[in-house]
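Inspection log for the structure reproduced underneath, given as structure tokens.
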Amino acid sequence: MRRSLLRLLTGEREIRLTSAVPSPDDLREKFKEIDTFGLYVHIPFCEQICPYCPYNKELFRSDLADGYVRAVKREIDLYADITAGKPVTSFYIGGGTPTTMLQSGLADIIGHARETFDLQCDIHMESHPNHLSAANLRAIKSLGVQHLSIGVEALADRHLKTLCRPYTAGQVKEAVGRAVSYGFQCVNVDVMFALPGQTYREIEETGHELVTLGVDQVAAYPLFLFPYTPMGRTSGTRGHVIRQSLKRRRMMRILERIFYQGGYERTSVWAFTKRGAPRYCSVTVPLYLGLGASGGSYLRDVFYLNTFGVAEYVHALEDGRMGIALSVGLTERMQRAGWLYWRIYETRFRKADYRDRFGEDLDAAYGGYLRLARWLGLLTDDGERIVLSDSGAFWLHACEDLLSIGFVSTLWGASRRDLWPERAILS
Ligand SMILES: C[S@@+](CC[C@H](N)C(=O)[O-])C[C@H]1O[C@@H](n2cnc3c(N)ncnc32)[C@H](O)[C@@H]1O
Ligand code: SF4
């Protein structure tokens, strides 16, 4: 099923990433055709490792963090020359847990990025609820972070316990309330649903509490089980998967109703943003550079990924090499399918944007699929704009489960097993 979907969308049987990586000269050449780009910095440290988490991270150590700051600054210097002063129009700091480095180098990294690149944007950053004291919130704002995301995960003690989160529901609500009162442009909270044993009543209460807390955005993800995580390794049978999928759908319906009544609108498959508030999101421009261990970069016809090893990344940069471990060239058809996937993921886009990007009419390329999707009630098309419906969002989620979660598991799993892999094949 996954292969057929891949074939249908990209015309490829498989996507093959190899260790043949672009040189600084190749990248310099690519930037000649790029007007603006986004910046992602990965902070691969956490104070504890959660059993469900697929991201690249290790336990925080101050000695490792010092080397990491030096390495990221070197990587910034390498790209300074390549990007040749082109403006940065989106800046995201993710992890891991960026706030583990609040007192150990985060300001240094951001300061260096500001001195080196032409930053024409605010900063979006992820944070852990236990790091949101009044003093830390002041420090975060002083870094220029205007869009803050908090990993809340659940608002009931028993689920926080299952997830091994190191706080109570009372403590996390206090932290969110404090952040909301600090005048950020956008406070986003991440929550997970369809947790083991979670009831519909509980998810209803969670939805109402989030609206009452006054957050600008909620990103609500069903618990995905990645096979290389401790919780993923113990996941269930086929019957369990079907039951789980029905539960996710019913829970998402409950959340949709509560957020729409509360004045929020859907702004991505998983996110609901208060009407009028700016959206919190990881990548707001189609082209981006990913810095740090496991940072991924997408530059029109190439995608590449840094090594996942923190020490390996630091060594590479100390040796004057780039941290890139894997790359793949993208055919025109893959670029189109990828562009369309992300625009639909954001739930709405203008057809003219597709024409501007690819120089052809969207209907000429995908008219048959769009008509079918419209007939099935998955989207609306007023001739200028495509807007995904709630049922379209659910089915996109199903495709995401089938395609991207499988790809992420393969790619990230391979990159964690071997820090300089020969290849990774997604099929
Ligand atoms: C990098 S973490 C957030 C910041 C911080 N590290 C923390 O845990 O508070 C990003 C978010 O991804 C979501 N996430 C992580 N693992 C997930 C999984 N297996 N399924 C669904 N969502 C997940 C969680 O909501 C989490 O808050
Ligand atoms: S969920 Fe957050 S704190 Fe937990 S391991 Fe993942 S990145 Fe770290």
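Ordered as shown in the structure tokens, chains take letters A, B, and onward, while each chain numbers its residues from 1 and ligands are numbered from 1 in the order shown.
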
Can you list every residue of chain A that has an atom at most 10 Å from ligand 1, with its nearest atom pair and the distance in Å to one decimal, using only C-alpha atoms and all ligand atoms, ordered by chain then number, as JSON lines?
{"residue": "A:His42", "atom": "CA", "partner": "ligand 1", "partner_atom_place_in_ligand_line": "1 (C)", "distance": 9.6}
{"residue": "A:Ile43", "atom": "CA", "partner": "ligand 1", "partner_atom_place_in_ligand_line": "1 (C)", "distance": 9.3}
{"residue": "A:Pro44", "atom": "CA", "partner": "ligand 1", "partner_atom_place_in_ligand_line": "1 (C)", "distance": 9.2}
{"residue": "A:Phe45", "atom": "CA", "partner": "ligand 1", "partner_atom_place_in_ligand_line": "6 (N)", "distance": 8.5}
{"residue": "A:Cys46", "atom": "CA", "partner": "ligand 1", "partner_atom_place_in_ligand_line": "6 (N)", "distance": 6.6}
{"residue": "A:Glu47", "atom": "CA", "partner": "ligand 1", "partner_atom_place_in_ligand_line": "6 (N)", "distance": 9.0}
{"residue": "A:Gln48", "atom": "CA", "partner": "ligand 1", "partner_atom_place_in_ligand_line": "8 (O)", "distance": 9.1}
{"residue": "A:Ile49", "atom": "CA", "partner": "ligand 1", "partner_atom_place_in_ligand_line": "8 (O)", "distance": 8.9}
{"residue": "A:Cys50", "atom": "CA", "partner": "ligand 1", "partner_atom_place_in_ligand_line": "8 (O)", "distance": 7.7}
{"residue": "A:Pro51", "atom": "CA", "partner": "ligand 1", "partner_atom_place_in_ligand_line": "19 (N)", "distance": 8.4}
{"residue": "A:Tyr52", "atom": "CA", "partner": "ligand 1", "partner_atom_place_in_ligand_line": "19 (N)", "distance": 4.6}
{"residue": "A:Cys53", "atom": "CA", "partner": "ligand 1", "partner_atom_place_in_ligand_line": "16 (N)", "distance": 4.0}
{"residue": "A:Pro54", "atom": "CA", "partner": "ligand 1", "partner_atom_place_in_ligand_line": "16 (N)", "distance": 5.7}
{"residue": "A:Tyr55", "atom": "CA", "partner": "ligand 1", "partner_atom_place_in_ligand_line": "1 (C)", "distance": 6.7}
{"residue": "A:Asn56", "atom": "CA", "partner": "ligand 1", "partner_atom_place_in_ligand_line": "1 (C)", "distance": 9.0}
{"residue": "A:Lys57", "atom": "CA", "partner": "ligand 1", "partner_atom_place_in_ligand_line": "1 (C)", "distance": 9.0}
{"residue": "A:Ile93", "atom": "CA", "partner": "ligand 1", "partner_atom_place_in_ligand_line": "1 (C)", "distance": 9.9}
{"residue": "A:Gly94", "atom": "CA", "partner": "ligand 1", "partner_atom_place_in_ligand_line": "1 (C)", "distance": 6.2}
{"residue": "A:Gly95", "atom": "CA", "partner": "ligand 1", "partner_atom_place_in_ligand_line": "1 (C)", "distance": 4.7}
{"residue": "A:Gly96", "atom": "CA", "partner": "ligand 1", "partner_atom_place_in_ligand_line": "6 (N)", "distance": 4.8}
{"residue": "A:Thr97", "atom": "CA", "partner": "ligand 1", "partner_atom_place_in_ligand_line": "6 (N)", "distance": 4.0}
{"residue": "A:Pro98", "atom": "CA", "partner": "ligand 1", "partner_atom_place_in_ligand_line": "6 (N)", "distance": 7.4}
{"residue": "A:Thr99", "atom": "CA", "partner": "ligand 1", "partner_atom_place_in_ligand_line": "5 (C)", "distance": 8.3}
{"residue": "A:Thr100", "atom": "CA", "partner": "ligand 1", "partner_atom_place_in_ligand_line": "6 (N)", "distance": 9.1}
{"residue": "A:Met125", "atom": "CA", "partner": "ligand 1", "partner_atom_place_in_ligand_line": "4 (C)", "distance": 8.9}
{"residue": "A:Glu126", "atom": "CA", "partner": "ligand 1", "partner_atom_place_in_ligand_line": "4 (C)", "distance": 5.2}
{"residue": "A:Ser127", "atom": "CA", "partner": "ligand 1", "partner_atom_place_in_ligand_line": "4 (C)", "distance": 5.0}
{"residue": "A:His128", "atom": "CA", "partner": "ligand 1", "partner_atom_place_in_ligand_line": "9 (O)", "distance": 3.7}
{"residue": "A:Pro129", "atom": "CA", "partner": "ligand 1", "partner_atom_place_in_ligand_line": "9 (O)", "distance": 6.1}
{"residue": "A:Asn130", "atom": "CA", "partner": "ligand 1", "partner_atom_place_in_ligand_line": "9 (O)", "distance": 8.2}
{"residue": "A:His131", "atom": "CA", "partner": "ligand 1", "partner_atom_place_in_ligand_line": "9 (O)", "distance": 9.2}
{"residue": "A:Ser149", "atom": "CA", "partner": "ligand 1", "partner_atom_place_in_ligand_line": "4 (C)", "distance": 7.4}
{"residue": "A:Ile150", "atom": "CA", "partner": "ligand 1", "partner_atom_place_in_ligand_line": "9 (O)", "distance": 5.8}
{"residue": "A:Gly151", "atom": "CA", "partner": "ligand 1", "partner_atom_place_in_ligand_line": "9 (O)", "distance": 3.4}
{"residue": "A:Val152", "atom": "CA", "partner": "ligand 1", "partner_atom_place_in_ligand_line": "9 (O)", "distance": 6.3}
{"residue": "A:Glu153", "atom": "CA", "partner": "ligand 1", "partner_atom_place_in_ligand_line": "25 (O)", "distance": 5.3}
{"residue": "A:Ala154", "atom": "CA", "partner": "ligand 1", "partner_atom_place_in_ligand_line": "25 (O)", "distance": 8.9}
{"residue": "A:Leu163", "atom": "CA", "partner": "ligand 1", "partner_atom_place_in_ligand_line": "16 (N)", "distance": 9.9}
{"residue": "A:Arg165", "atom": "CA", "partner": "ligand 1", "partner_atom_place_in_ligand_line": "8 (O)", "distance": 8.2}
{"residue": "A:Pro166", "atom": "CA", "partner": "ligand 1", "partner_atom_place_in_ligand_line": "9 (O)", "distance": 10.0}
{"residue": "A:Val189", "atom": "CA", "partner": "ligand 1", "partner_atom_place_in_ligand_line": "27 (O)", "distance": 7.7}
{"residue": "A:Asp190", "atom": "CA", "partner": "ligand 1", "partner_atom_place_in_ligand_line": "25 (O)", "distance": 4.4}
{"residue": "A:Val191", "atom": "CA", "partner": "ligand 1", "partner_atom_place_in_ligand_line": "25 (O)", "distance": 5.0}
{"residue": "A:Met192", "atom": "CA", "partner": "ligand 1", "partner_atom_place_in_ligand_line": "25 (O)", "distance": 5.5}
{"residue": "A:Phe193", "atom": "CA", "partner": "ligand 1", "partner_atom_place_in_ligand_line": "21 (C)", "distance": 8.1}
{"residue": "A:Ala194", "atom": "CA", "partner": "ligand 1", "partner_atom_place_in_ligand_line": "21 (C)", "distance": 9.7}
{"residue": "A:Leu195", "atom": "CA", "partner": "ligand 1", "partner_atom_place_in_ligand_line": "20 (N)", "distance": 9.5}
{"residue": "A:Ala219", "atom": "CA", "partner": "ligand 1", "partner_atom_place_in_ligand_line": "25 (O)", "distance": 7.5}
{"residue": "A:Ala220", "atom": "CA", "partner": "ligand 1", "partner_atom_place_in_ligand_line": "25 (O)", "distance": 7.3}
{"residue": "A:Tyr221", "atom": "CA", "partner": "ligand 1", "partner_atom_place_in_ligand_line": "21 (C)", "distance": 5.1}
{"residue": "A:Pro222", "atom": "CA", "partner": "ligand 1", "partner_atom_place_in_ligand_line": "21 (C)", "distance": 5.4}
{"residue": "A:Leu223", "atom": "CA", "partner": "ligand 1", "partner_atom_place_in_ligand_line": "20 (N)", "distance": 3.8}
{"residue": "A:Phe224", "atom": "CA", "partner": "ligand 1", "partner_atom_place_in_ligand_line": "20 (N)", "distance": 3.7}
{"residue": "A:Leu225", "atom": "CA", "partner": "ligand 1", "partner_atom_place_in_ligand_line": "19 (N)", "distance": 5.3}
{"residue": "A:Phe226", "atom": "CA", "partner": "ligand 1", "partner_atom_place_in_ligand_line": "19 (N)", "distance": 6.4}
{"residue": "A:Pro227", "atom": "CA", "partner": "ligand 1", "partner_atom_place_in_ligand_line": "19 (N)", "distance": 9.8}
{"residue": "A:Thr229", "atom": "CA", "partner": "ligand 1", "partner_atom_place_in_ligand_line": "19 (N)", "distance": 8.3}
{"residue": "A:Met231", "atom": "CA", "partner": "ligand 1", "partner_atom_place_in_ligand_line": "19 (N)", "distance": 8.3}
{"residue": "A:Gly232", "atom": "CA", "partner": "ligand 1", "partner_atom_place_in_ligand_line": "19 (N)", "distance": 8.1}
{"residue": "A:Ile405", "atom": "CA", "partner": "ligand 1", "partner_atom_place_in_ligand_line": "20 (N)", "distance": 9.9}

- For A:Leu210, list every protein, DNA or RNA residue within 12 Å, evaluated using only C-alpha atoms, and leave out those in the same chain fewer than 5 positions away; present the list as a ChimeraX atom specification. /A:152-155,169,172-173,176-177,180,187-191,203-205,215-220,255,258-259,262,264,272-274

- Return the single residue from A:Ala65, A:Ala107, A:Leu160, A:Asp122 that is closest to ligand 2, with distances computed using only C-alpha atoms and all ligand atoms. A:Leu160

- Task: For atom CA of A:Trp412 and atom CA of A:Trp270, quote the distance in Å rounded to one decimal.
- Result: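 Distance reported for this atom pair: 21.7 Å.
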
- In Å, how far is it from atom CA of A:Pro421 to atom 7 (S, counted along the ligand's line) of ligand 2? 23.1 Å

- Message: Give me, as a list in words, the residues of stretch 326-380 of chain A that a backbone DSSP run labels strand (DSSP E or B).
- Response: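 Filtering stretch 326-380 of chain A down to strand (DSSP E or B) leaves Leu326, Ser327, Val328, Gly329, Arg348, Phe349, Arg350, Leu379 and Thr380 of chain A.
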
Emit the selected residues as a compact mmCIF listing (two decimals), in the first residue's frame, including N, CA and C atoms.
# COMPACT_ATOMS: atom_id res chain seq x y z
N LEU A 326 23.76 12.18 4.76
CA LEU A 326 22.97 11.55 3.69
C LEU A 326 22.35 12.62 2.81
N SER A 327 22.14 12.29 1.54
CA SER A 327 21.44 13.26 0.69
C SER A 327 20.67 12.52 -0.40
N VAL A 328 19.72 13.23 -1.00
CA VAL A 328 18.98 12.66 -2.14
C VAL A 328 18.63 13.78 -3.11
N GLY A 329 18.82 13.53 -4.38
CA GLY A 329 18.40 14.47 -5.40
C GLY A 329 16.91 14.26 -5.66
N ARG A 348 -4.66 24.85 3.47
CA ARG A 348 -5.16 25.74 2.41
C ARG A 348 -4.00 26.33 1.62
N PHE A 349 -4.21 26.58 0.35
CA PHE A 349 -3.21 27.26 -0.45
C PHE A 349 -3.84 27.82 -1.71
N ARG A 350 -3.12 28.76 -2.34
CA ARG A 350 -3.61 29.38 -3.58
C ARG A 350 -3.04 28.62 -4.77
N LEU A 379 -11.97 18.17 0.14
CA LEU A 379 -11.51 19.56 0.02
C LEU A 379 -12.52 20.38 -0.75
N THR A 380 -12.36 21.72 -0.68
CA THR A 380 -13.17 22.59 -1.53
C THR A 380 -12.21 23.33 -2.47

- Message: Could you pull out the alpha helix (DSSP H) residues of stretch 178-394 of chain A, going by DSSP on the backbone, and write them as number ranges by chain?
- Response: A: 178-180, 200-213, 230-233, 238-261, 310-318, 332-345, 351-358, 362-375, 390-394

- Message: List the spatial neighbours of A:Gly296 as a list of chain:residue names - criterion: any atom at most 6 Å away, only C-alpha atoms, same-chain residues fewer than 5 positions off excluded.
- Response: A:Gly290, A:Tyr304, A:Leu305

Generate a file of the selected residues that holds all heavy atoms, formatted as a PDB file, in the first residue's frame.
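result_0.pdb, freshly written:
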ATOM      1  N   GLY A 290      18.916  23.205   7.732  1.00  0.00           N
ATOM      2  CA  GLY A 290      18.820  22.628   9.067  1.00  0.00           C
ATOM      3  C   GLY A 290      20.211  22.491   9.658  1.00  0.00           C
ATOM      4  O   GLY A 290      21.055  21.799   9.097  1.00  0.00           O
ATOM      5  N   TYR A 304      19.077  17.026   2.258  1.00  0.00           N
ATOM      6  CA  TYR A 304      20.178  16.353   2.940  1.00  0.00           C
ATOM      7  C   TYR A 304      20.053  16.459   4.445  1.00  0.00           C
ATOM      8  O   TYR A 304      19.344  17.319   4.978  1.00  0.00           O
ATOM      9  CB  TYR A 304      21.537  16.838   2.433  1.00  0.00           C
ATOM     10  CG  TYR A 304      21.776  18.327   2.485  1.00  0.00           C
ATOM     11  CD1 TYR A 304      22.367  18.912   3.595  1.00  0.00           C
ATOM     12  CD2 TYR A 304      21.441  19.139   1.408  1.00  0.00           C
ATOM     13  CE1 TYR A 304      22.617  20.272   3.638  1.00  0.00           C
ATOM     14  CE2 TYR A 304      21.669  20.507   1.452  1.00  0.00           C
ATOM     15  CZ  TYR A 304      22.254  21.064   2.560  1.00  0.00           C
ATOM     16  OH  TYR A 304      22.485  22.418   2.603  1.00  0.00           O
ATOM     17  N   LEU A 305      20.742  15.522   5.102  1.00  0.00           N
ATOM     18  CA  LEU A 305      20.531  15.307   6.523  1.00  0.00           C
ATOM     19  C   LEU A 305      21.882  15.216   7.211  1.00  0.00           C
ATOM     20  O   LEU A 305      22.758  14.471   6.775  1.00  0.00           O
ATOM     21  CB  LEU A 305      19.773  13.971   6.665  1.00  0.00           C
ATOM     22  CG  LEU A 305      19.121  13.601   7.961  1.00  0.00           C
ATOM     23  CD1 LEU A 305      18.067  14.625   8.368  1.00  0.00           C
ATOM     24  CD2 LEU A 305      18.460  12.225   7.822  1.00  0.00           C
TER      25      LEU A 305
END

- Note on the structure: For ligand 2, the closest of A:Glu384, A:Ser90, A:Phe60, A:Leu317 counting only C-alpha atoms and all ligand atoms is A:Phe60

- Query: Do you know which residues are at most 12 Å from A:Gly67 counting only C-alpha atoms, after dropping those on the same chain fewer than 2 positions away, and could you put them as JSON, numbers by chain?
  - Reply: {"A": [61, 62, 63, 64, 65, 69, 70, 71, 72, 73, 74, 104, 105, 109, 292, 310, 311, 312, 313, 314, 315, 316, 317, 318]}

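When atom CA of A:Arg257 is paired with atom CA of A:Asp390, their separation reads 10.7 Å.
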
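For the set A:Met322, A:Cys164, A:Ala139, A:Leu403, the residue with the smallest atom-to-atom gap to ligand 2 is A:Cys164, counting only C-alpha atoms and all ligand atoms.
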
- Task: Determine, counting only C-alpha atoms, which protein, DNA and RNA residues have an atom within 10 Å of an atom of A:Arg300; residues of the same chain fewer than 4 positions away are not included. Present the result as a count of residues only.
- Result: 13

- Message: So that I can check the surroundings of A:Arg28, please list as a PyMOL selection string every protein, DNA and RNA residue that reaches within 12 Å of it, counting only C-alpha atoms and ignoring chain neighbours fewer than 3 positions away.
- Response: chain A and resi 22-25+31-34+78-86+299

- Which residue gives the smallest distance to A:Phe184 among A:Arg233, A:Arg336, A:Arg266, A:Lys141, with only C-alpha atoms counted?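 Nearest to A:Phe184: A:Lys141.
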
- Message: Excluding stretch 365-370 of chain A and its own-chain neighbours fewer than 5 positions away, which residues fall within 12 Å of it when counting only C-alpha atoms? Please give them as a PyMOL selection string.
- Response: chain A and resi 8-9+333+336-337+340+344+351+354-355+358-360+375-383+385-388+392

- Item | Among the residues A:Val408, A:Leu213, A:Ala179, A:Ala414, the one that comes closest to A:Leu148 [using only C-alpha atoms] | A:Ala179

- Pick from A:Tyr167, A:Tyr92, A:Phe37, A:Phe117: nearest to ligand 2, with only C-alpha atoms and all ligand atoms counted?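 Of A:Tyr167, A:Tyr92, A:Phe37, A:Phe117, the one nearest ligand 2 is A:Tyr167, counting only C-alpha atoms and all ligand atoms.
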